[in-house]
Amino acid sequence: MMHFKVIFKTVSVLILILDIFLLLCAGVGAYYEEWAAVRSFLLSIAISGCISFGILFVFRHEKQKTLSTRDGLITVTLSWLVASTVAAFPYIFDGGMLTVTDAFFETMSGFSTTGATILTDIEKMPGSLLLWRSLTHWLGGMGIVVLGVAILPLLGIGGMQLMQAEAPGPSVDKITPRIAETAKYLWYVYVGFTALETFLLVCGGMTFFDALNHSFSTLATGGFSTKNLSVGHYDSAYIDGVITLFMVIAGMNFTLHFRLMSGNFKGIFRNTELKAYLLVFFAASAVIAFSLHGKIYGSVWESIRYASFQAASILSTTGFATTDYEYWTYLGQVTLLVLMFVGGCSGSTAGGIKVVRIATLLKQGFNEMKFLVHPRGVFILKISGYPVRKNIVYAISGFFFLYVCTLLVVTSALAASDIDLLTSFTAALATVGNIGPGFGNVGPAENYAFLPDHVKWILSFAMMAGRLELYTVFVLFTPMFWKK
């Protein structure tokens, strides 16, 4: 039996948390004298706040405090849908700047940390709306639901089921025995890195406003920028270097960051996923730099600079750009396409299939070849020195198959809308993998504005499904989920 009263109560609390950040943006709008934007924020708060308080008042006597797994799955998916709807209000109310479809697409892209945009002239946007746009990244990056599990226990609502359903990656690696404490520590790391990157970008010549917005997008591996040319607007090797470093950091498991900062080095250097992730990044950067040197860029340094930035951007699924990589060599473009399938580490803010899944399937493939040579042999699959149970391998295999099927279905849906194959496929890959830019008409120098409305709704669903690791969303469409 599902507890819908508790689910609605939980979602209402999360929306009230969103209202706090909406109020912050309204204050920024007042500072910049952007009164139309201020009105849109206040109207959004009034509508969502009244609804949330109304639900909390109606269910104030609800005693149920424990969410089941099914409750958690519904709560997470519903939270993403409702949050994206509420977050779209300021765009809609700000003088009709965006249609309902475009506003929802932009906010779903923000919360899912995809970074796909329909905005054609970002620099004309009010500063407060740009801040809100980046904040949707930042909140969605670590997860608005994870933020909630650090606060909801104070209201008597447990959060373990929410964390399991929402946390990015195939497993939740708790830092402390209590899930709320784990969420708090993850947010401490997240906020700390955001502050550090903001400081370093300001030192590189960015304004504080731009530095803060780009830090929000970087740590969330989102990719929204305050400039039409993205990070390429600044044409600064220093800024490229700082953002490259933090994109790589954001694509790593955040529990490893916490352990590293707390002096607990045990297991970090033997972590299979971390080693594979860094190996993929450096190898891809080297291949791309080799392909660019002498053909696109004259110096080795320039080749390394642009290659490492774009490799980090695609691998971590951030989506920033410093150049139009569609003018690169074919080898460089293919390497980026391969990185789009990989993604970051589990427990990070990155999207994609995740490195640990790729590593597990690769090791399983080698074990199968060993078994062909030694049919009676016993080969144990190990990750980070620990044996992996068969059911985990089955789950990863199922996820991989579901991921490929989702890509094919979304690609087919776009192709049926008379969109060319390259654009259709990479748009599907960029949204399901939460990457942002693709190739063709959705490349780094383009955007998603030209797509028909029904395609934007399809891609919005793809972004949410990809962000919540597919299973969380798709299980809701199975008959067995709704049976008692």
# chains A, B, ... in the order shown; residues from 1 in each chain; ligands from 1

call {"tool": "select_by_dssp", "arguments": {"residues": "range 73-297 of chain A", "states": "helix (DSSP H, G or I)", "output": "CSV table (one decimal) with C-alpha atoms, in the first residue's frame"}}
result
chain,number,residue,atom,x,y,z
A,73,LEU,CA,10.2,6.1,-6.3
A,74,ILE,CA,6.9,8.0,-6.8
A,75,THR,CA,8.1,10.8,-4.6
A,76,VAL,CA,11.3,11.3,-6.5
A,77,THR,CA,9.8,11.3,-9.9
A,78,LEU,CA,6.9,13.5,-8.8
A,79,SER,CA,9.4,15.9,-7.1
A,80,TRP,CA,11.3,16.3,-10.4
A,81,LEU,CA,8.1,17.0,-12.4
A,82,VAL,CA,6.6,19.4,-9.9
A,83,ALA,CA,9.9,21.2,-9.2
A,84,SER,CA,10.5,21.7,-13.0
A,85,THR,CA,6.9,23.0,-13.3
A,86,VAL,CA,7.3,25.5,-10.4
A,87,ALA,CA,10.8,26.5,-11.6
A,88,ALA,CA,9.3,27.3,-15.0
A,89,PHE,CA,6.9,29.9,-13.6
A,90,PRO,CA,9.4,32.8,-13.5
A,91,TYR,CA,10.2,32.3,-17.2
A,92,ILE,CA,6.5,32.2,-18.1
A,93,PHE,CA,5.4,35.2,-15.9
A,100,VAL,CA,5.1,26.9,-21.4
A,101,THR,CA,6.8,24.2,-23.4
A,102,ASP,CA,10.1,26.1,-23.7
A,103,ALA,CA,10.0,27.1,-20.0
A,104,PHE,CA,9.5,23.6,-18.9
A,105,PHE,CA,12.2,22.3,-21.2
A,106,GLU,CA,14.7,24.8,-19.9
A,107,THR,CA,13.9,24.0,-16.2
A,108,MET,CA,13.9,20.2,-16.7
A,109,SER,CA,17.2,20.7,-18.5
A,110,GLY,CA,18.4,22.6,-15.4
A,111,PHE,CA,17.3,20.2,-12.7
A,122,ILE,CA,21.3,34.4,-23.2
A,123,GLU,CA,23.0,37.7,-22.5
A,124,LYS,CA,19.7,39.6,-22.9
A,127,GLY,CA,20.5,38.7,-14.3
A,128,SER,CA,18.1,37.3,-11.7
A,129,LEU,CA,16.6,34.8,-14.2
A,130,LEU,CA,20.1,33.8,-15.2
A,131,LEU,CA,20.9,33.1,-11.6
A,132,TRP,CA,17.7,31.1,-11.2
A,133,ARG,CA,18.6,29.2,-14.3
A,134,SER,CA,22.0,28.2,-12.8
A,135,LEU,CA,20.5,27.5,-9.4
A,136,THR,CA,18.2,24.8,-11.0
A,137,HIS,CA,21.5,23.2,-12.1
A,138,TRP,CA,23.1,23.5,-8.7
A,139,LEU,CA,20.0,22.1,-6.8
A,140,GLY,CA,19.5,19.3,-9.3
A,141,GLY,CA,23.1,18.4,-9.3
A,142,MET,CA,23.4,17.0,-5.9
A,144,ILE,CA,16.9,18.5,-4.5
A,145,VAL,CA,15.7,15.3,-2.9
A,146,VAL,CA,19.0,14.7,-1.2
A,147,LEU,CA,18.7,18.2,0.1
A,148,GLY,CA,15.4,17.2,1.4
A,149,VAL,CA,16.6,14.2,3.3
A,150,ALA,CA,18.9,16.4,5.3
A,151,ILE,CA,15.9,18.5,6.3
A,152,LEU,CA,12.9,16.2,6.3
A,153,PRO,CA,14.0,14.2,9.4
A,154,LEU,CA,13.4,17.4,11.3
A,155,LEU,CA,9.8,17.1,10.3
A,160,MET,CA,16.5,6.6,3.2
A,161,GLN,CA,14.1,5.6,0.4
A,162,LEU,CA,14.4,8.9,-1.2
A,163,MET,CA,18.2,8.7,-1.2
A,164,GLN,CA,18.2,5.3,-2.8
A,165,ALA,CA,15.8,6.3,-5.5
A,166,GLU,CA,17.5,9.6,-6.4
A,179,ILE,CA,21.3,8.9,5.8
A,180,ALA,CA,20.5,12.5,6.8
A,181,GLU,CA,24.1,12.9,8.1
A,182,THR,CA,25.3,11.5,4.8
A,183,ALA,CA,23.3,14.0,2.8
A,184,LYS,CA,24.6,16.9,5.0
A,185,TYR,CA,28.2,15.9,4.5
A,186,LEU,CA,27.7,15.6,0.8
A,187,TRP,CA,26.3,19.1,0.7
A,188,TYR,CA,29.2,20.4,2.8
A,189,VAL,CA,31.6,19.1,0.1
A,190,TYR,CA,29.4,20.4,-2.7
A,191,VAL,CA,29.2,23.9,-1.2
A,192,GLY,CA,32.9,24.0,-0.4
A,193,PHE,CA,33.9,23.1,-4.0
A,194,THR,CA,31.5,25.7,-5.3
A,195,ALA,CA,32.9,28.4,-3.1
A,196,LEU,CA,36.5,27.5,-4.0
A,197,GLU,CA,35.8,27.5,-7.8
A,198,THR,CA,34.0,30.8,-7.5
A,199,PHE,CA,37.0,32.4,-5.8
A,200,LEU,CA,39.5,31.0,-8.4
A,201,LEU,CA,37.3,32.3,-11.3
A,202,VAL,CA,37.1,35.7,-9.8
A,203,CYS,CA,40.9,35.7,-9.5
A,208,PHE,CA,31.5,37.6,-9.1
A,209,PHE,CA,28.1,37.1,-10.7
A,210,ASP,CA,29.5,35.2,-13.7
A,211,ALA,CA,31.9,33.2,-11.5
A,212,LEU,CA,29.1,32.1,-9.2
A,213,ASN,CA,26.9,31.0,-12.1
A,214,HIS,CA,29.6,29.1,-13.8
A,215,SER,CA,30.6,27.4,-10.5
A,216,PHE,CA,26.9,26.3,-10.0
A,217,SER,CA,26.9,24.8,-13.5
A,218,THR,CA,30.4,23.2,-13.2
A,219,LEU,CA,29.9,21.4,-9.9
A,230,SER,CA,29.7,29.7,-23.2
A,231,VAL,CA,33.2,29.6,-21.6
A,232,GLY,CA,34.7,30.4,-24.9
A,233,HIS,CA,33.5,34.0,-24.4
A,237,ALA,CA,43.7,29.7,-20.6
A,238,TYR,CA,43.5,30.2,-16.8
A,239,ILE,CA,39.7,30.1,-16.7
A,240,ASP,CA,39.7,27.0,-19.0
A,241,GLY,CA,42.1,25.3,-16.7
A,242,VAL,CA,40.1,26.0,-13.5
A,243,ILE,CA,36.9,24.9,-15.0
A,244,THR,CA,38.5,21.8,-16.5
A,245,LEU,CA,39.8,20.8,-13.1
A,246,PHE,CA,36.5,21.3,-11.4
A,247,MET,CA,34.6,19.4,-14.2
A,248,VAL,CA,36.9,16.4,-13.6
A,249,ILE,CA,36.3,16.8,-9.8
A,250,ALA,CA,32.5,17.0,-10.2
A,254,PHE,CA,31.6,12.8,-3.9
A,255,THR,CA,32.1,10.3,-1.0
A,256,LEU,CA,35.7,9.9,-2.2
A,257,HIS,CA,36.1,13.7,-1.9
A,258,PHE,CA,34.8,13.7,1.6
A,259,ARG,CA,37.1,10.8,2.6
A,260,LEU,CA,40.0,12.5,1.0
A,261,MET,CA,39.4,15.8,2.9
A,272,THR,CA,38.6,0.8,-9.7
A,273,GLU,CA,36.1,3.4,-11.0
A,274,LEU,CA,38.3,6.3,-10.1
A,275,LYS,CA,41.3,4.9,-11.8
A,276,ALA,CA,39.3,4.0,-14.9
A,277,TYR,CA,37.7,7.5,-14.9
A,278,LEU,CA,41.0,9.3,-14.8
A,279,LEU,CA,42.5,6.9,-17.4
A,280,VAL,CA,39.6,7.6,-19.8
A,281,PHE,CA,40.0,11.3,-19.3
A,282,PHE,CA,43.8,11.5,-19.9
A,283,ALA,CA,43.7,9.0,-22.7
A,284,ALA,CA,40.9,10.8,-24.5
A,285,SER,CA,42.6,14.2,-24.0
A,286,ALA,CA,45.8,12.8,-25.4
A,287,VAL,CA,44.1,11.3,-28.5
A,288,ILE,CA,42.2,14.5,-29.2
A,289,ALA,CA,45.2,16.7,-28.7
A,290,PHE,CA,47.2,14.5,-31.0
A,291,SER,CA,44.5,14.7,-33.7
A,292,LEU,CA,44.3,18.5,-33.4

call {"tool": "select_by_dssp", "arguments": {"residues": "range 313-422 of chain A", "states": "strand (DSSP E or B)", "output": "list in words"}}
result
Lys382, Ile383, Tyr386 and Pro387 of chain A

call {"tool": "residues_around", "arguments": {"residues": "Val38 in chain A", "least_positions_apart": "6", "cutoff": "8 Å", "atoms": "only C-alpha atoms", "output": "list in words"}}
result
Cys25, Ala26, Gly27, Gly29 and Ala30 of chain A

call {"tool": "atom_distance", "arguments": {"atom1": "CA of Ala220 in chain A", "atom2": "CA of Asn253 in chain A"}}
result
12.5 Å

call {"tool": "residues_around", "arguments": {"residues": "Gly352 in chain A", "least_positions_apart": "4", "cutoff": "10 Å", "atoms": "only C-alpha atoms", "output": "list in words"}}
result
Gly169, Ile314, Leu315, Ser316, Thr317, Leu339, Met340, Phe341, Val342, Gly343, Gly344, Cys345, Ser346, Tyr403, Leu429, Ala430, Thr431, Val432, Gly433, Asn434, Ile435, Gly466, Arg467 and Glu469 of chain A

call {"tool": "write_last_selection", "arguments": {"atoms": "C-alpha atoms", "output": "PDB file, in the first residue's frame"}}
result
ATOM      1  CA  GLY A 169      24.895   6.070  -9.714  1.00  0.00           C
ATOM      2  CA  ILE A 314      31.754  15.638 -22.328  1.00  0.00           C
ATOM      3  CA  LEU A 315      33.028  12.886 -19.994  1.00  0.00           C
ATOM      4  CA  SER A 316      31.603  14.632 -16.918  1.00  0.00           C
ATOM      5  CA  THR A 317      28.460  15.431 -18.988  1.00  0.00           C
ATOM      6  CA  LEU A 339      32.857   9.826 -24.207  1.00  0.00           C
ATOM      7  CA  MET A 340      29.144  10.669 -24.467  1.00  0.00           C
ATOM      8  CA  PHE A 341      28.383   7.000 -23.812  1.00  0.00           C
ATOM      9  CA  VAL A 342      30.687   6.729 -20.804  1.00  0.00           C
ATOM     10  CA  GLY A 343      29.728   9.517 -18.397  1.00  0.00           C
ATOM     11  CA  GLY A 344      31.142  10.173 -14.945  1.00  0.00           C
ATOM     12  CA  CYS A 345      31.450   8.144 -11.755  1.00  0.00           C
ATOM     13  CA  SER A 346      28.665   6.774  -9.602  1.00  0.00           C
ATOM     14  CA  TYR A 403      19.719   2.612 -21.931  1.00  0.00           C
ATOM     15  CA  LEU A 429      22.238  10.704 -26.524  1.00  0.00           C
ATOM     16  CA  ALA A 430      22.777  14.216 -25.142  1.00  0.00           C
ATOM     17  CA  THR A 431      19.443  14.294 -23.288  1.00  0.00           C
ATOM     18  CA  VAL A 432      19.293  10.736 -21.946  1.00  0.00           C
ATOM     19  CA  GLY A 433      22.953  11.074 -20.913  1.00  0.00           C
ATOM     20  CA  ASN A 434      22.340  14.598 -19.512  1.00  0.00           C
ATOM     21  CA  ILE A 435      25.178  16.014 -21.613  1.00  0.00           C
ATOM     22  CA  GLY A 466      18.274   9.753 -17.661  1.00  0.00           C
ATOM     23  CA  ARG A 467      18.852  11.861 -14.554  1.00  0.00           C
ATOM     24  CA  GLU A 469      18.800   6.389 -13.839  1.00  0.00           C
TER      25      GLU A 469
END

call {"tool": "residues_around", "arguments": {"residues": "range 389-398 of chain A", "least_positions_apart": "3", "cutoff": "9 Å", "atoms": "only C-alpha atoms", "output": "PyMOL selection string"}}
result
chain A and resi 170+357-358+360-361+364+381+401-403

call {"tool": "write_last_selection", "arguments": {"atoms": "C-alpha atoms", "output": "JSON list (two decimals), in the first residue's frame"}}
result
[["chain", "number", "residue", "atom", "x", "y", "z"],
["A", 170, "PRO", "CA", 24.17, 2.36, -9.30],
["A", 357, "ARG", "CA", 29.03, 0.05, -15.13],
["A", 358, "ILE", "CA", 31.35, 0.15, -18.15],
["A", 360, "THR", "CA", 32.00, -4.05, -14.66],
["A", 361, "LEU", "CA", 30.71, -5.11, -18.07],
["A", 364, "GLN", "CA", 32.63, -9.59, -17.14],
["A", 381, "LEU", "CA", 34.63, -10.46, -10.87],
["A", 401, "PHE", "CA", 20.09, -2.75, -22.51],
["A", 402, "LEU", "CA", 17.40, -0.34, -21.27],
["A", 403, "TYR", "CA", 19.72, 2.61, -21.93]]

call {"tool": "atom_distance", "arguments": {"atom1": "CA of Ser460 in chain A", "atom2": "CA of Phe399 in chain A"}}
result
19.9 Å

call {"tool": "atom_distance", "arguments": {"atom1": "CA of Val11 in chain A", "atom2": "CA of Ile55 in chain A"}}
result
9.6 Å
